[in-house]
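So this one's entry.cif, mmCIF, C-alpha atoms:
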```
data_protein
loop_
_atom_site.label_atom_id
_atom_site.label_comp_id
_atom_site.auth_asym_id
_atom_site.auth_seq_id
_atom_site.Cartn_x
_atom_site.Cartn_y
_atom_site.Cartn_z
CA MET Z 8 -3.45 24.96 27.11
CA THR Z 9 -4.94 21.51 26.73
CA THR Z 10 -4.77 19.30 23.67
CA SER Z 11 -7.60 16.93 22.82
CA PRO Z 12 -6.74 13.31 21.93
CA THR Z 13 -7.92 14.06 18.39
CA ASP Z 14 -5.65 17.10 18.09
CA ALA Z 15 -2.74 15.08 19.45
CA ALA Z 16 -3.42 12.27 16.97
CA ALA Z 17 -3.64 14.73 14.06
CA ALA Z 18 -0.32 16.25 15.15
CA ALA Z 19 1.23 12.77 15.34
CA ALA Z 20 -0.10 11.93 11.86
CA ARG Z 21 1.33 15.16 10.44
CA ALA Z 22 4.67 14.53 12.15
CA LEU Z 23 4.86 11.02 10.70
CA LEU Z 24 4.04 12.29 7.19
CA ALA Z 25 6.75 14.94 7.58
CA SER Z 26 9.39 12.50 8.80
CA GLU Z 27 8.84 9.90 6.06
CA SER Z 28 9.06 10.45 2.31
CA VAL Z 29 7.76 7.24 0.72
CA GLY Z 30 4.33 5.65 0.86
CA VAL Z 31 2.26 3.02 -0.90
CA LEU Z 32 -0.29 4.61 -3.18
CA SER Z 33 -3.55 2.71 -3.61
CA THR Z 34 -5.46 3.40 -6.78
CA ILE Z 35 -8.31 1.69 -8.59
CA SER Z 36 -6.97 -0.39 -11.45
CA VAL Z 37 -7.97 0.30 -15.03
CA HIS Z 38 -6.11 -2.83 -16.11
CA ARG Z 39 -8.26 -5.04 -13.87
CA ALA Z 40 -11.35 -2.92 -13.51
CA GLY Z 41 -12.21 -1.86 -10.00
CA THR Z 42 -9.50 -3.80 -8.17
CA PRO Z 43 -7.28 -1.79 -5.81
CA TYR Z 44 -3.67 -1.55 -6.91
CA GLY Z 45 -0.71 -0.65 -4.69
CA SER Z 46 2.49 1.01 -5.87
CA ILE Z 47 5.41 2.57 -4.06
CA THR Z 48 5.38 6.34 -4.31
CA PRO Z 49 7.77 8.97 -3.03
CA TYR Z 50 6.12 12.17 -1.85
CA ALA Z 51 6.78 15.63 -0.49
CA LEU Z 52 4.34 17.78 1.46
CA GLY Z 53 2.75 21.01 0.33
CA ALA Z 54 2.49 24.06 2.59
CA ASP Z 55 -0.98 22.86 3.61
CA GLY Z 56 0.25 19.33 4.36
CA ALA Z 57 -1.20 17.68 1.25
CA PRO Z 58 1.11 15.07 -0.32
CA LEU Z 59 2.72 16.06 -3.60
CA LEU Z 60 3.47 13.19 -5.97
CA LEU Z 61 5.69 13.24 -9.06
CA LEU Z 62 4.14 10.70 -11.40
CA SER Z 63 5.14 9.37 -14.80
CA GLY Z 64 2.43 9.56 -17.42
CA LEU Z 65 3.45 6.01 -18.41
CA ALA Z 66 2.92 4.48 -14.95
CA ALA Z 67 -0.03 2.22 -14.11
CA HIS Z 68 -1.06 4.34 -11.10
CA THR Z 69 -1.22 7.43 -13.31
CA HIS Z 70 -3.52 5.69 -15.80
CA ASN Z 71 -5.63 4.66 -12.83
CA LEU Z 72 -5.86 8.17 -11.37
CA ARG Z 73 -6.82 9.65 -14.73
CA ALA Z 74 -9.79 7.26 -14.82
CA ASP Z 75 -10.69 7.55 -11.11
CA PRO Z 76 -9.02 10.15 -8.86
CA ARG Z 77 -9.87 8.37 -5.62
CA ALA Z 78 -6.69 7.20 -3.91
CA GLY Z 79 -5.13 6.15 -0.65
CA LEU Z 80 -1.62 6.80 0.60
CA PHE Z 81 -0.24 4.54 3.30
CA VAL Z 82 2.82 5.78 5.19
CA GLY Z 83 4.53 3.72 7.88
CA ASP Z 84 7.34 4.49 10.27
CA ARG Z 85 10.26 2.82 8.52
CA SER Z 86 12.42 2.98 11.64
CA ALA Z 87 10.08 0.26 12.97
CA ALA Z 88 10.84 -2.00 9.99
CA ALA Z 89 11.71 -4.98 12.20
CA ASP Z 90 8.13 -5.08 13.45
CA PRO Z 91 5.99 -2.97 11.10
CA GLN Z 92 2.82 -3.64 13.06
CA ALA Z 93 4.34 -2.09 16.17
CA GLY Z 94 5.22 1.19 14.46
CA ALA Z 95 2.95 4.15 13.94
CA ARG Z 96 1.39 4.50 10.52
CA VAL Z 97 -1.09 6.72 8.80
CA SER Z 98 -3.47 5.83 6.01
CA LEU Z 99 -4.78 8.77 3.97
CA MET Z 100 -7.81 8.67 1.72
CA GLY Z 101 -8.74 11.34 -0.77
CA ARG Z 102 -8.59 12.46 -4.37
CA ALA Z 103 -5.57 13.09 -6.54
CA ALA Z 104 -5.47 15.86 -9.10
CA LEU Z 105 -2.85 17.21 -11.47
CA LEU Z 106 -1.26 20.19 -9.77
CA ARG Z 107 -2.29 23.59 -11.08
CA ALA Z 108 0.51 25.26 -13.07
CA GLU Z 109 0.81 28.19 -10.65
CA ALA Z 110 1.47 25.80 -7.76
CA GLU Z 111 4.24 23.96 -9.57
CA PRO Z 112 7.31 26.09 -8.69
CA ASP Z 113 6.60 25.65 -4.96
CA ALA Z 114 5.96 21.90 -5.43
CA ARG Z 115 9.17 21.52 -7.40
CA ALA Z 116 11.22 23.20 -4.66
CA ARG Z 117 9.60 21.14 -1.92
CA TYR Z 118 9.96 17.90 -3.83
CA LEU Z 119 13.62 18.46 -4.70
CA ASP Z 120 14.32 19.32 -1.09
CA ARG Z 121 13.12 15.83 -0.10
CA TRP Z 122 14.18 13.99 -3.23
CA PRO Z 123 17.24 15.67 -4.79
CA ARG Z 124 17.58 12.76 -7.24
CA ALA Z 125 14.19 13.64 -8.72
CA ALA Z 126 15.91 16.34 -10.78
CA GLN Z 127 16.47 13.69 -13.48
CA TYR Z 128 12.74 12.92 -13.64
CA LEU Z 129 11.78 16.59 -13.67
CA ALA Z 130 13.86 16.93 -16.82
CA LEU Z 131 11.66 14.32 -18.53
CA LYS Z 132 8.52 15.51 -20.26
CA ASP Z 133 6.28 12.67 -19.09
CA PHE Z 134 6.52 13.41 -15.35
CA ALA Z 135 4.02 15.73 -13.71
CA PHE Z 136 3.07 16.76 -10.19
CA TRP Z 137 -0.13 15.53 -8.61
CA ARG Z 138 -1.62 16.62 -5.30
CA LEU Z 139 -3.51 14.31 -2.98
CA GLU Z 140 -6.41 16.18 -1.43
CA ILE Z 141 -6.82 14.47 1.94
CA GLU Z 142 -10.44 13.75 2.80
CA GLU Z 143 -9.75 11.48 5.71
CA ALA Z 144 -6.83 10.07 7.62
CA ARG Z 145 -6.55 7.07 9.87
CA LEU Z 146 -3.73 7.01 12.42
CA ILE Z 147 -2.68 3.71 13.91
CA ALA Z 148 -0.27 4.36 16.75
CA GLY Z 149 0.55 0.83 17.81
CA PHE Z 150 -1.83 -2.06 18.21
CA GLY Z 151 -5.36 -1.08 19.11
CA GLU Z 152 -4.84 2.68 19.19
CA ILE Z 153 -6.69 3.73 16.09
CA ARG Z 154 -8.68 6.76 15.14
CA TRP Z 155 -10.16 8.52 12.15
CA LEU Z 156 -9.03 12.09 11.65
CA THR Z 157 -9.54 15.09 9.48
CA LEU Z 158 -6.14 16.69 8.86
CA MET I 3 16.43 -25.74 -20.98
CA THR I 4 15.54 -22.14 -21.72
CA THR I 5 13.50 -19.81 -19.55
CA SER I 6 11.33 -17.12 -21.09
CA PRO I 7 11.53 -13.58 -19.67
CA THR I 8 7.97 -14.03 -18.38
CA ASP I 9 8.84 -17.27 -16.58
CA ALA I 10 11.91 -15.62 -15.09
CA ALA I 11 9.83 -12.65 -13.92
CA ALA I 12 7.20 -14.93 -12.37
CA ALA I 13 9.96 -16.83 -10.56
CA ALA I 14 11.42 -13.53 -9.31
CA ALA I 15 7.98 -12.41 -8.10
CA ARG I 16 7.44 -15.68 -6.25
CA ALA I 17 10.91 -15.47 -4.71
CA LEU I 18 10.24 -11.93 -3.48
CA LEU I 19 6.90 -12.95 -1.97
CA ALA I 20 8.62 -15.88 -0.25
CA SER I 21 11.46 -13.75 1.15
CA GLU I 22 9.24 -10.99 2.57
CA SER I 23 6.41 -11.39 5.08
CA VAL I 24 4.69 -7.99 5.24
CA GLY I 25 2.80 -6.10 2.57
CA VAL I 26 0.43 -3.20 2.19
CA LEU I 27 -3.10 -4.42 1.56
CA SER I 28 -5.27 -2.17 -0.60
CA THR I 29 -9.00 -2.53 -0.12
CA ILE I 30 -12.02 -0.46 -1.12
CA SER I 31 -13.20 1.61 1.82
CA VAL I 32 -16.66 1.18 3.27
CA HIS I 33 -16.03 4.17 5.53
CA ARG I 34 -15.42 6.47 2.55
CA ALA I 35 -17.27 4.65 -0.16
CA GLY I 36 -15.18 3.52 -3.08
CA THR I 37 -11.89 5.09 -2.05
CA PRO I 38 -8.87 2.77 -1.91
CA TYR I 39 -7.51 2.23 1.59
CA GLY I 40 -4.03 0.93 2.44
CA SER I 41 -3.09 -0.98 5.58
CA ILE I 42 -0.03 -2.91 6.64
CA THR I 43 -0.61 -6.64 6.58
CA PRO I 44 1.62 -9.55 7.51
CA TYR I 45 1.19 -12.61 5.35
CA ALA I 46 2.32 -16.18 4.83
CA LEU I 47 2.10 -18.17 1.61
CA GLY I 48 -0.09 -21.19 0.95
CA ALA I 49 1.22 -24.29 -0.82
CA ASP I 50 -0.04 -22.80 -4.10
CA GLY I 51 1.65 -19.45 -3.46
CA ALA I 52 -1.51 -17.51 -2.55
CA PRO I 53 -1.03 -15.07 0.35
CA LEU I 54 -2.68 -16.07 3.62
CA LEU I 55 -3.75 -13.16 5.83
CA LEU I 56 -4.76 -13.30 9.49
CA LEU I 57 -7.31 -10.51 9.89
CA SER I 58 -9.19 -9.12 12.86
CA GLY I 59 -12.94 -8.92 12.41
CA LEU I 60 -12.72 -5.45 13.99
CA ALA I 61 -10.22 -4.05 11.47
CA ALA I 62 -11.17 -1.56 8.77
CA HIS I 63 -9.69 -3.69 5.96
CA THR I 64 -11.82 -6.66 7.07
CA HIS I 65 -15.01 -4.57 6.96
CA ASN I 66 -13.92 -3.48 3.50
CA LEU I 67 -13.28 -7.03 2.23
CA ARG I 68 -16.63 -8.24 3.53
CA ALA I 69 -18.31 -5.57 1.40
CA ASP I 70 -16.02 -5.96 -1.64
CA PRO I 71 -13.48 -8.80 -1.89
CA ARG I 72 -11.32 -7.09 -4.51
CA ALA I 73 -7.91 -6.33 -3.07
CA GLY I 74 -4.30 -5.57 -3.84
CA LEU I 75 -1.21 -6.63 -1.94
CA PHE I 76 1.96 -4.65 -2.46
CA VAL I 77 5.22 -6.26 -1.34
CA GLY I 78 8.56 -4.51 -1.62
CA ASP I 79 12.09 -5.68 -0.98
CA ARG I 80 12.73 -4.22 2.47
CA SER I 81 16.47 -4.72 2.18
CA ALA I 82 16.32 -1.85 -0.35
CA ALA I 83 14.68 0.45 2.21
CA ALA I 84 17.22 3.24 1.65
CA ASP I 85 15.97 3.61 -1.92
CA PRO I 86 12.61 1.83 -2.20
CA GLN I 87 12.23 2.72 -5.86
CA ALA I 88 15.46 0.89 -6.71
CA GLY I 89 14.38 -2.38 -5.11
CA ALA I 90 12.23 -5.07 -6.68
CA ARG I 91 8.57 -5.10 -5.75
CA VAL I 92 5.48 -6.99 -6.70
CA SER I 93 1.92 -5.73 -6.75
CA LEU I 94 -0.76 -8.43 -6.62
CA MET I 95 -4.40 -7.95 -7.54
CA GLY I 96 -7.15 -10.39 -6.82
CA ARG I 97 -9.97 -11.34 -4.49
CA ALA I 98 -9.83 -12.17 -0.81
CA ALA I 99 -12.03 -14.82 0.75
CA LEU I 100 -12.35 -16.30 4.21
CA LEU I 101 -10.35 -19.49 4.23
CA ARG I 102 -12.33 -22.72 4.10
CA ALA I 103 -12.29 -24.57 7.43
CA GLU I 104 -10.50 -27.61 6.00
CA ALA I 105 -7.62 -25.42 4.80
CA GLU I 106 -7.12 -23.79 8.20
CA PRO I 107 -4.73 -26.25 9.91
CA ASP I 108 -2.24 -25.91 7.05
CA ALA I 109 -2.63 -22.11 7.01
CA ARG I 110 -2.14 -21.96 10.77
CA ALA I 111 1.10 -23.95 10.55
CA ARG I 112 2.44 -21.87 7.66
CA TYR I 113 1.48 -18.59 9.30
CA LEU I 114 3.04 -19.47 12.67
CA ASP I 115 6.19 -20.55 10.90
CA ARG I 116 6.55 -17.03 9.51
CA TRP I 117 4.96 -15.17 12.39
CA PRO I 118 5.50 -17.05 15.66
CA ARG I 119 4.12 -14.09 17.61
CA ALA I 120 0.76 -14.54 15.86
CA ALA I 121 -0.05 -17.30 18.37
CA GLN I 122 -1.51 -14.60 20.62
CA TYR I 123 -3.90 -13.44 17.87
CA LEU I 124 -4.87 -16.99 16.96
CA ALA I 125 -6.07 -17.40 20.54
CA LEU I 126 -8.50 -14.50 20.04
CA LYS I 127 -11.93 -15.29 18.64
CA ASP I 128 -12.13 -12.31 16.31
CA PHE I 129 -9.15 -13.24 14.10
CA ALA I 130 -9.67 -15.38 11.01
CA PHE I 131 -7.63 -16.49 8.01
CA TRP I 132 -8.28 -15.02 4.59
CA ARG I 133 -6.75 -16.11 1.30
CA LEU I 134 -5.89 -13.75 -1.53
CA GLU I 135 -6.70 -15.39 -4.83
CA ILE I 136 -4.16 -13.81 -7.19
CA GLU I 137 -5.68 -12.78 -10.51
CA GLU I 138 -2.77 -10.72 -11.70
CA ALA I 139 0.68 -9.70 -10.56
CA ARG I 140 2.88 -6.86 -11.61
CA LEU I 141 6.61 -7.17 -11.04
CA ILE I 142 8.76 -4.07 -11.01
CA ALA I 143 12.41 -5.07 -10.97
CA GLY I 144 14.07 -1.68 -10.84
CA PHE I 145 13.15 1.41 -12.78
CA GLY I 146 11.55 0.74 -16.14
CA GLU I 147 11.59 -3.05 -15.98
CA ILE I 148 7.94 -3.79 -15.51
CA ARG I 149 5.68 -6.58 -16.59
CA TRP I 150 2.24 -8.05 -15.94
CA LEU I 151 2.22 -11.68 -14.91
CA THR I 152 -0.06 -14.51 -14.07
CA LEU I 153 1.40 -16.40 -11.11
#
```

Any chance you could give the structure as structure tokens?
Amino acid sequence: MTTSPTDAAAAAARALLASESVGVLSTISVHRAGTPYGSITPYALGADGAPLLLLSGLAAHTHNLRADPRAGLFVGDRSAAADPQAGARVSLMGRAALLRAEAEPDARARYLDRWPRAAQYLALKDFAFWRLEIEEARLIAGFGEIRWLTL
Amino acid sequence: MTTSPTDAAAAAARALLASESVGVLSTISVHRAGTPYGSITPYALGADGAPLLLLSGLAAHTHNLRADPRAGLFVGDRSAAADPQAGARVSLMGRAALLRAEAEPDARARYLDRWPRAAQYLALKDFAFWRLEIEEARLIAGFGEIRWLTL
């Protein structure tokens, strides 16, 4: 069995997403119309690999997503923190949507498995699950090794 | 002498920017029109506190900035890596522009002071300095303590 470079890169991107649990979410600011806005965002992964986010209805990024669902999620290998440009990282682009009610029990279990402390937020009424539908992913595996992927 | 909470927050934001040297740059993707795109980006600070970025002309974020200069720079306290949501972080929004030629010697000195290894990139013709003009900053100093600032 042979694996194409693209398949191998997609597998590496999925492995990185699975091994990390925090990214920087990029949204389009309502507060300063049209300007990208970055915020740190814990995530878990759905069965299909899509990131699941637990967002406060009061947070700036949530206001932004309500107005424009287009979003990016940047995830870097934190074990390479001493030289972040040397580590692998993946940059996802897609659209975020409130999770459908029937998908919530599974999301809750997956999220708590990665973020046990999130139980306190789940008890609050203003937190809700969002799902990032990945439209495109860019894997950067060290300097110069870059490719666009569909995950 | 008294310090207002806003002044104290602006000072904390500036101190965080000065103590870190890597952020996640959010730009608006050309590749997938209008979608925010995050990428890891080392930075130095100019005399006025504006982030100075050394970008490759071949990089996706540079293509994006040429088409739309609006950008965000997210900087988190990496010493809080075990619990990134507990650490202070600052999210800048503004516009990026190629640095004017007369400002380059100072930028070069400041950048090399923070990133000595960048000497190898400076020797390459396709790297150039950009400056992020900060229009707004958001400081998050732990959960719930959030404010908008002008730096």

Define the interface residues of chain Z facing chain I as those within 9 Å, counting all atoms listed in the file, and report them as a ChimeraX atom specification. /Z:29,31-36,39,41-49,76-83,85,88,91-92,96-102,142-143

Interatomic distance (Å, one decimal) between atom CA of Z:Ala135 and atom CA of Z:Leu62: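 Taking atom CA of Z:Ala135 and atom CA of Z:Leu62, their separation equals 5.5 Å.
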
Could you write out as JSON, numbers by chain the residues that the PyMOL selection byres ((chain Z and resi 136) around 6) matches in the shown file? {"Z": [60, 61, 106, 135, 137]}

Kindly resolve the PyMOL selection byres ((chain I and resi 133) around 6) on the present coordinates and return the residues as an MDAnalysis selection string. chainID I and resid 53:54 98:99 101 132 134

Expand the PyMOL selection byres ((chain I and resi 128) around 7) into the individual residues it matches in the shown file, reporting them as an mmCIF file with C-alpha atoms, keeping the file's coordinate frame.
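So the final result, stored in part.cif, reads:
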```cif
data_model
loop_
_atom_site.group_PDB
_atom_site.id
_atom_site.type_symbol
_atom_site.label_atom_id
_atom_site.label_comp_id
_atom_site.auth_asym_id
_atom_site.auth_seq_id
_atom_site.Cartn_x
_atom_site.Cartn_y
_atom_site.Cartn_z
ATOM 1 C CA SER I 58 -9.190 -9.120 12.860
ATOM 2 C CA GLY I 59 -12.940 -8.920 12.410
ATOM 3 C CA LEU I 126 -8.500 -14.500 20.040
ATOM 4 C CA LYS I 127 -11.930 -15.290 18.640
ATOM 5 C CA PHE I 129 -9.150 -13.240 14.100
ATOM 6 C CA ALA I 130 -9.670 -15.380 11.010
#
```

Please report the interatomic distance between atom CA of I:Ala69 and atom CA of I:Arg102 in Å with one decimal.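 Distance reported for this atom pair: 18.4 Å.
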
Any idea what the distance is between atom CA of I:Ala13 and atom CA of I:Ala143?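 Computing it gives 12.0 Å between the two atoms.
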
Stretch 112-123 of chain I: which residues within 8 Å, counting all atoms listed in the file, same-chain residues fewer than 6 positions away excluded, as a PyMOL selection string? chain I and resi 23+45-48+54+129

Between Z:Arg73, Z:Leu146, Z:Ala108, Z:Ala130, single out the one closest to Z:Arg21, counting all atoms listed in the file.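 Of all the options, Z:Leu146 lies closest to Z:Arg21.
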
Z:Ala22, Z:Val37, Z:Ala57, Z:Ala95 ranked by distance to Z:His70, top pick (using all atoms listed in the file):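 Of the candidates, the smallest distance to Z:His70 is held by Z:Val37.
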